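Student: Okay, handing you the structure first.
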Amino acid sequence: MQRYKICLSLKSSMGHKLISNNISLVFSLLGGIILLFLVAPLVGLFVSVKAPALFETFKDPAVSESIILTLVVSSVVTIISAVFSIPLAYMLARKKFPGKGLVEGIIDIPVVIPHSAAGIALLGFISRDSLIGSMAEGAGLNLIGSPFAIGLAMAFVSIPFLVNSARDGFAAVPVRLEQAARTLGASGLRVFATISLPLAKRSVISGMVLMFARGMSEFGAVVIVAYHPMTTPVLIFDRFNSYGIDYARPVAAIFIAITLMIFLLLRIYQKR
């Protein structure tokens with residue numbers, strides 16, 4: 001009888017192991033298909049670009065200027081937005097207040113609406129007929145078609161990534177640690193700066209990286225508020241629309257290579 005039970009136990013264990021192996025195989029296959037779908041177009045892009053065209057495009061001042069503009073504006077916008085977004089994320093993670101659900105819904109609006117529609121909304125926000133636009137015009141500035149307009153478009157579509165990631169990070173910080181610090185006499189600001197923010201740092205940095213990357217790649221909203229000066233996504237579209245895919249492909253390859261290197265370095269820094 002005992003031997004029979006042992007045999008049943010061994011068969012059951014082997015069956016569970018076989019099922020587990022089969023599930024792992026199926027899941028790996030499904031995941032591999034997704035990875036192939038993501039990697040194959042990029043590989044095809046780089047393979048199809050000829051070296052002479054790549055070098056000529058790399059030396060093109062219009063391309064280098066657009067890449068610098070895109071990276072600089074996206075970086076500045078991310079840093080400035082973090083000053084306002086991180087406190088908001090902390091409030092959403094720690095406080096209960098009337099209309100909290102509405103606030104969270106407003107934060108997610110840019111993810112839901114088409115980015116061309118977001119560009120139209122921003123265009124009306126900074127046009128000469130608006131309050132901000134008329135004030136800028138009085139100071140001799142035209143916001144439309146400026147780096148400021150590009151930054152607004154980038155910030156609008158990418159802020160949700162920073163706020164939501166930082167909020168999840170703050171929510172994961174144990175409340176008892178903050179309470180213990182307060183009982184020892186630490187102020188709310190000191191608790192935030194020495195406990196909450198350091199413990200949520202990984203999520204905050206992840207949100208900033210995602211915001212930077214999303215803003216850098218934005219096209220729909222940017223092209224409406226500022227066709228010139230051209231960011232690199234707009235330049236790629238302009239080259240494709242004016243000259244065809246052979247002229248747009250090298251610009252796309254260079255920009256993708258640069259953004260992948262930057263994103264990889266940021267991810268390595270985040271993990272460390």
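Chain lettering (A, B, ...) mirrors the order of the structure tokens, residue numbering begins at 1 for each chain separately, and ligand numbering begins at 1 in order of display.
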Using only C-alpha atoms, determine which residues lie at most 10 Å from A:Ala118, disregarding the query and same-chain residues fewer than 6 positions distant; provide the list as a PDB file with N, CA and C atoms, in the first residue's frame.

Tutor:
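Dumped to around32.pdb:
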ATOM      1  N   ILE A 109      -5.780  61.456 -19.553  1.00  0.00           N
ATOM      2  CA  ILE A 109      -6.412  61.947 -20.787  1.00  0.00           C
ATOM      3  C   ILE A 109      -5.451  61.945 -21.970  1.00  0.00           C
ATOM      4  N   PRO A 110      -4.201  62.439 -21.830  1.00  0.00           N
ATOM      5  CA  PRO A 110      -3.306  62.450 -22.995  1.00  0.00           C
ATOM      6  C   PRO A 110      -3.021  61.078 -23.573  1.00  0.00           C
ATOM      7  N   ALA A 153       4.096  70.362 -26.329  1.00  0.00           N
ATOM      8  CA  ALA A 153       3.526  69.170 -26.959  1.00  0.00           C
ATOM      9  C   ALA A 153       4.139  67.900 -26.376  1.00  0.00           C
ATOM     10  N   PHE A 156       2.797  67.406 -22.760  1.00  0.00           N
ATOM     11  CA  PHE A 156       1.383  67.043 -22.691  1.00  0.00           C
ATOM     12  C   PHE A 156       1.174  65.550 -22.892  1.00  0.00           C
ATOM     13  N   VAL A 157       1.858  64.976 -23.864  1.00  0.00           N
ATOM     14  CA  VAL A 157       1.621  63.565 -24.188  1.00  0.00           C
ATOM     15  C   VAL A 157       2.407  62.610 -23.298  1.00  0.00           C
ATOM     16  N   GLY A 220       2.701  63.549 -33.606  1.00  0.00           N
ATOM     17  CA  GLY A 220       1.375  64.082 -33.914  1.00  0.00           C
ATOM     18  C   GLY A 220       1.101  65.449 -33.342  1.00  0.00           C
ATOM     19  N   ALA A 221       1.397  65.643 -32.061  1.00  0.00           N
ATOM     20  CA  ALA A 221       1.138  66.940 -31.429  1.00  0.00           C
ATOM     21  C   ALA A 221       2.176  67.978 -31.843  1.00  0.00           C
ATOM     22  N   VAL A 222       3.432  67.529 -31.986  1.00  0.00           N
ATOM     23  CA  VAL A 222       4.517  68.468 -32.308  1.00  0.00           C
ATOM     24  C   VAL A 222       4.346  69.054 -33.700  1.00  0.00           C
ATOM     25  N   ILE A 224       1.862  69.802 -35.370  1.00  0.00           N
ATOM     26  CA  ILE A 224       0.799  70.798 -35.493  1.00  0.00           C
ATOM     27  C   ILE A 224       1.207  72.129 -34.877  1.00  0.00           C
ATOM     28  N   VAL A 225       1.882  72.085 -33.734  1.00  0.00           N
ATOM     29  CA  VAL A 225       2.242  73.343 -33.068  1.00  0.00           C
ATOM     30  C   VAL A 225       3.570  73.904 -33.558  1.00  0.00           C
TER      31      VAL A 225
END

Student: Give me, as a list of chain:residue names, all polymer residues having an atom no more than 12 Å from A:Leu199, counting only C-alpha atoms and skipping those fewer than 3 positions away in the same chain.

Tutor: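 Listed by chain and then number, they are A:Ala166, A:Asp168, A:Gly169, A:Phe170, A:Ala171, A:Ala172, A:Val173, A:Pro174, A:Val175, A:Leu177, A:Glu178, A:Val191, A:Phe192, A:Ala193, A:Thr194, A:Ile195, A:Ser196, A:Arg202, A:Ser203, A:Val204, A:Ile205.
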
Student: Have a look at A:Ile67, A:Ala51, A:Val163, A:Ala62 and name the one nearest to A:Leu92; count only C-alpha atoms.

Tutor: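 So, comparing all the options, the nearest one is A:Val163.
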
Student: Under the rule that only C-alpha atoms are counted, which of A:Arg272, A:Ser217, A:Leu88, A:Asp108 is the nearest residue to A:Ile256?

Tutor: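 That would be A:Ser217, the residue with the smallest distance to A:Ile256.
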
Student: Quick one: everything within 6 Å of A:Gly215, counting only C-alpha atoms, minus sequence neighbours fewer than 6 positions away in the same chain. Send it as a VMD selection string.

Tutor: chain A and resid 74 154 158

Student: Which of stretch 85-225 of chain A counts as helix (DSSP H, G or I) under DSSP, as a PyMOL selection string please?

Tutor: chain A and resi 85-94+100-107+109-112+115-126+131-138+147-171+175-183+188-199+201-216+220-225

Student: Which value, in Å to one decimal, gives the distance between atom CA of A:Gly44 and atom CA of A:Ile236?

Tutor: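 The value is 17.1 Å.
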
Student: Report, in Å with one decimal, the straight-line distance from atom CA of A:Ala200 to atom CA of A:Val77.

Tutor: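 A separation of 21.1 Å between them.
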
Student: Using only C-alpha atoms, pick whichever of A:Gly105, A:Gly244, A:Pro229, A:Gly99 has the shortest atom-to-atom distance to A:Glu65.

Tutor: A:Pro229

Student: For A:Thr232, which residue among A:Val111, A:Val72, A:Leu266, A:Ala186 is the nearest when counting only C-alpha atoms?

Tutor: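 Closest candidate: A:Val72.
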
Student: Rank nothing, just name the residue among A:Leu42, A:Leu162, A:Ile245, A:Val103 nearest to A:Ala213, using only C-alpha atoms.

Tutor: A:Leu162
